[in-house]
$ cat coords18.csv   # CSV, N, CA and C atoms
chain,number,residue,atom,x,y,z
A,1,MET,N,78.6,142.7,94.1
A,1,MET,CA,77.8,142.2,92.9
A,1,MET,C,76.6,143.1,92.8
A,2,ASN,N,76.5,143.6,91.6
A,2,ASN,CA,75.4,144.5,91.3
A,2,ASN,C,74.1,143.8,91.1
A,3,ALA,N,73.0,144.5,90.9
A,3,ALA,CA,71.7,143.8,90.8
A,3,ALA,C,71.6,143.0,89.6
A,4,GLU,N,72.1,143.4,88.5
A,4,GLU,CA,72.1,142.7,87.2
A,4,GLU,C,72.9,141.3,87.3
A,5,GLN,N,74.0,141.4,88.0
A,5,GLN,CA,74.9,140.2,88.2
A,5,GLN,C,74.1,139.3,89.1
A,6,GLN,N,73.5,139.8,90.1
A,6,GLN,CA,72.7,138.9,91.1
A,6,GLN,C,71.6,138.2,90.4
A,7,LEU,N,70.9,138.9,89.5
A,7,LEU,CA,69.8,138.3,88.8
A,7,LEU,C,70.3,137.1,87.9
A,8,ARG,N,71.5,137.4,87.3
A,8,ARG,CA,72.1,136.3,86.4
A,8,ARG,C,72.5,135.1,87.3
A,9,VAL,N,73.1,135.3,88.4
A,9,VAL,CA,73.5,134.3,89.3
A,9,VAL,C,72.3,133.5,89.8
A,10,ASP,N,71.2,134.2,90.2
A,10,ASP,CA,70.0,133.6,90.6
A,10,ASP,C,69.4,132.7,89.5
A,11,PHE,N,69.4,133.2,88.3
A,11,PHE,CA,68.9,132.5,87.2
A,11,PHE,C,69.7,131.2,86.9
A,12,LEU,N,71.0,131.3,86.9
A,12,LEU,CA,71.8,130.2,86.7
A,12,LEU,C,71.7,129.1,87.8
A,13,TYR,N,71.6,129.6,89.0
A,13,TYR,CA,71.4,128.7,90.1
A,13,TYR,C,70.1,127.9,90.0
A,14,GLU,N,69.0,128.6,89.7
A,14,GLU,CA,67.7,127.9,89.5
A,14,GLU,C,67.8,126.9,88.3
A,15,GLN,N,68.5,127.3,87.3
A,15,GLN,CA,68.6,126.5,86.1
A,15,GLN,C,69.4,125.2,86.5
A,16,GLN,N,70.4,125.4,87.3
A,16,GLN,CA,71.2,124.2,87.8
A,16,GLN,C,70.3,123.2,88.6
A,17,LEU,N,69.5,123.8,89.4
A,17,LEU,CA,68.6,122.9,90.2
A,17,LEU,C,67.6,122.2,89.3
A,18,THR,N,67.0,122.9,88.3
A,18,THR,CA,66.1,122.3,87.4
A,18,THR,C,66.8,121.2,86.6
A,19,ASN,N,68.0,121.4,86.1
A,19,ASN,CA,68.7,120.4,85.3
A,19,ASN,C,69.0,119.2,86.2
A,20,LEU,N,69.4,119.4,87.4
A,20,LEU,CA,69.7,118.2,88.3
A,20,LEU,C,68.5,117.4,88.5
A,21,LYS,N,67.3,118.0,88.7
A,21,LYS,CA,66.1,117.3,88.9
A,21,LYS,C,65.7,116.6,87.7
A,22,LEU,N,65.9,117.2,86.5
A,22,LEU,CA,65.5,116.5,85.2
A,22,LEU,C,66.4,115.3,84.9
A,23,GLN,N,67.7,115.4,85.4
A,23,GLN,CA,68.6,114.3,85.3
A,23,GLN,C,68.3,113.1,86.2
A,24,GLY,N,67.4,113.3,87.1
A,24,GLY,CA,67.0,112.3,88.0
A,24,GLY,C,67.9,112.1,89.2
A,25,LYS,N,68.6,113.2,89.5
A,25,LYS,CA,69.5,113.1,90.7
A,25,LYS,C,68.7,113.0,92.0
A,26,ARG,N,69.3,112.3,92.9
A,26,ARG,CA,68.6,112.2,94.3
A,26,ARG,C,68.7,113.5,95.0
A,27,PRO,N,67.7,113.7,95.9
A,27,PRO,CA,67.6,115.0,96.6
A,27,PRO,C,68.9,115.3,97.4
A,28,ALA,N,69.6,114.2,97.9
A,28,ALA,CA,70.8,114.5,98.7
A,28,ALA,C,71.9,115.0,97.8
A,29,THR,N,72.0,114.4,96.5
A,29,THR,CA,73.0,114.9,95.6
A,29,THR,C,72.7,116.3,95.1
A,30,ILE,N,71.4,116.6,94.9
A,30,ILE,CA,71.1,118.0,94.5
A,30,ILE,C,71.5,119.0,95.6
A,31,ASP,N,71.2,118.6,96.9
A,31,ASP,CA,71.6,119.4,98.0
A,31,ASP,C,73.1,119.6,98.1
A,32,ALA,N,73.8,118.6,97.9
A,32,ALA,CA,75.3,118.7,98.0
A,32,ALA,C,75.8,119.5,96.9
A,33,TYR,N,75.4,119.4,95.7
A,33,TYR,CA,75.9,120.2,94.6
A,33,TYR,C,75.5,121.6,94.8
A,34,SER,N,74.3,121.9,95.2
A,34,SER,CA,73.8,123.2,95.5
A,34,SER,C,74.6,123.9,96.6
A,35,ARG,N,74.9,123.2,97.6
A,35,ARG,CA,75.7,123.7,98.7
A,35,ARG,C,77.1,124.2,98.2
A,36,VAL,N,77.7,123.4,97.4
A,36,VAL,CA,79.0,123.8,96.8
A,36,VAL,C,78.9,125.0,96.0
A,37,VAL,N,77.9,125.1,95.1
A,37,VAL,CA,77.7,126.3,94.3
A,37,VAL,C,77.5,127.5,95.1
A,38,ARG,N,76.6,127.4,96.2
A,38,ARG,CA,76.4,128.6,97.1
A,38,ARG,C,77.7,129.0,97.7
A,39,ARG,N,78.5,128.1,98.1
A,39,ARG,CA,79.8,128.4,98.8
A,39,ARG,C,80.7,129.2,97.8
A,40,ILE,N,80.7,128.7,96.6
A,40,ILE,CA,81.6,129.4,95.5
A,40,ILE,C,81.1,130.8,95.3
A,41,ILE,N,79.7,130.9,95.1
A,41,ILE,CA,79.2,132.2,94.9
A,41,ILE,C,79.5,133.2,96.1
A,42,HIS,N,79.3,132.7,97.3
A,42,HIS,CA,79.7,133.5,98.5
A,42,HIS,C,81.1,133.9,98.5
A,43,HIS,N,82.0,132.9,98.2
A,43,HIS,CA,83.4,133.2,98.2
A,43,HIS,C,83.8,134.3,97.2
A,44,PHE,N,83.3,134.2,96.0
A,44,PHE,CA,83.7,135.2,95.0
A,44,PHE,C,82.9,136.5,95.2
A,45,ASN,N,81.8,136.5,95.8
A,45,ASN,CA,81.1,137.7,96.1
A,45,ASN,C,81.8,138.5,97.1
A,46,LYS,N,82.4,137.8,98.1
A,46,LYS,CA,83.2,138.5,99.1
A,46,LYS,C,84.5,139.1,98.5
A,47,ARG,N,85.1,138.3,97.6
A,47,ARG,CA,86.3,138.8,96.9
A,47,ARG,C,86.0,140.0,96.0
A,48,LEU,N,84.9,140.0,95.4
A,48,LEU,CA,84.5,141.2,94.5
A,48,LEU,C,84.3,142.4,95.4
A,49,ARG,N,83.7,142.3,96.5
A,49,ARG,CA,83.5,143.5,97.4
A,49,ARG,C,84.9,144.0,97.9
A,50,VAL,N,85.8,143.2,98.3
A,50,VAL,CA,87.1,143.6,98.8
A,50,VAL,C,87.9,144.3,97.7
A,51,SER,N,87.8,143.9,96.5
A,51,SER,CA,88.6,144.5,95.4
A,51,SER,C,88.1,145.7,94.9
A,52,CYS,N,86.8,146.1,95.2
A,52,CYS,CA,86.2,147.3,94.6
A,52,CYS,C,86.6,148.5,95.4

$ encode --input "coords18.csv" --output "C-alpha coordinates"
Amino acid sequence: MNAEQQLRVDFLYEQQLTNLKLQGKRPATIDAYSRVVRRIIHHFNKRLRVSC
(Lines of atoms letter the chains of each structure in order from A and count residues from 1; the text may use other names and numbers.)
(Lines give C-alpha, C1' and ligand atoms only; values in the text may rest on other atoms or scores of the structure.)
Protein backbone atom coordinates (compact mmCIF):
# COMPACT_ATOMS: atom_id res chain seq x y z
CA MET A 1 0.00 0.00 0.00
CA ASN A 2 1.51 3.31 -1.01
CA ALA A 3 1.39 6.49 1.09
CA GLU A 4 -1.67 7.90 -0.71
CA GLN A 5 -3.63 4.70 -0.23
CA GLN A 6 -2.61 4.58 3.45
CA LEU A 7 -3.87 8.14 3.98
CA ARG A 8 -7.19 7.19 2.39
CA VAL A 9 -7.55 4.09 4.56
CA ASP A 10 -6.67 6.09 7.69
CA PHE A 11 -9.24 8.74 6.79
CA LEU A 12 -11.98 6.18 6.16
CA TYR A 13 -11.14 4.33 9.38
CA GLU A 14 -11.38 7.52 11.44
CA GLN A 15 -14.61 8.42 9.66
CA GLN A 16 -16.03 5.02 10.58
CA LEU A 17 -15.15 5.57 14.25
CA THR A 18 -16.76 9.00 14.22
CA ASN A 19 -19.93 7.69 12.57
CA LEU A 20 -20.25 4.84 15.06
CA LYS A 21 -19.91 7.29 17.96
CA LEU A 22 -22.47 9.65 16.43
CA GLN A 23 -24.88 6.72 16.02
CA GLY A 24 -24.63 6.15 19.76
CA LYS A 25 -23.01 2.73 19.55
CA ARG A 26 -21.59 1.33 22.78
CA PRO A 27 -17.80 1.32 23.20
CA ALA A 28 -17.70 -2.49 23.01
CA THR A 29 -19.54 -2.41 19.68
CA ILE A 30 -17.21 0.25 18.31
CA ASP A 31 -14.23 -1.83 19.41
CA ALA A 32 -15.60 -4.99 17.80
CA TYR A 33 -16.42 -3.28 14.50
CA SER A 34 -13.05 -1.54 14.45
CA ARG A 35 -11.21 -4.78 15.13
CA VAL A 36 -12.88 -6.41 12.13
CA VAL A 37 -12.02 -3.49 9.86
CA ARG A 38 -8.37 -3.56 11.00
CA ARG A 39 -8.20 -7.29 10.29
CA ILE A 40 -9.63 -6.78 6.79
CA ILE A 41 -7.16 -3.97 6.09
CA HIS A 42 -4.30 -6.13 7.34
CA HIS A 43 -5.43 -9.09 5.22
CA PHE A 44 -5.65 -7.13 1.99
CA ASN A 45 -2.49 -5.18 2.69
CA LYS A 46 -0.60 -8.49 2.93
CA ARG A 47 -2.19 -9.71 -0.30
CA LEU A 48 -1.25 -6.49 -2.10
CA ARG A 49 2.38 -6.88 -1.09
CA VAL A 50 2.54 -10.51 -2.24
CA SER A 51 1.05 -9.77 -5.66
CA CYS A 52 3.37 -6.84 -6.43

$ atom_distance --input "coords18.csv" --atom1 "CA of His42 in chain A" --atom2 "atom N of Glu14 in chain A"
14.7 Å

$ residues_around --input "coords18.csv" --residues "Asp31 in chain A" --least-positions-apart "5" --cutoff "10 Å" --atoms "only C-alpha atoms" --output "list in words"
Leu17, Leu20, Lys25, Arg26, Val36 and Val37 of chain A

$ atom_distance --input "coords18.csv" --atom1 "CA of Met1 in chain A" --atom2 "CA of Ile30 in chain A"
25.2 Å

$ atom_distance --input "coords18.csv" --atom1 "CA of Gln5 in chain A" --atom2 "CA of Phe44 in chain A"
12.2 Å
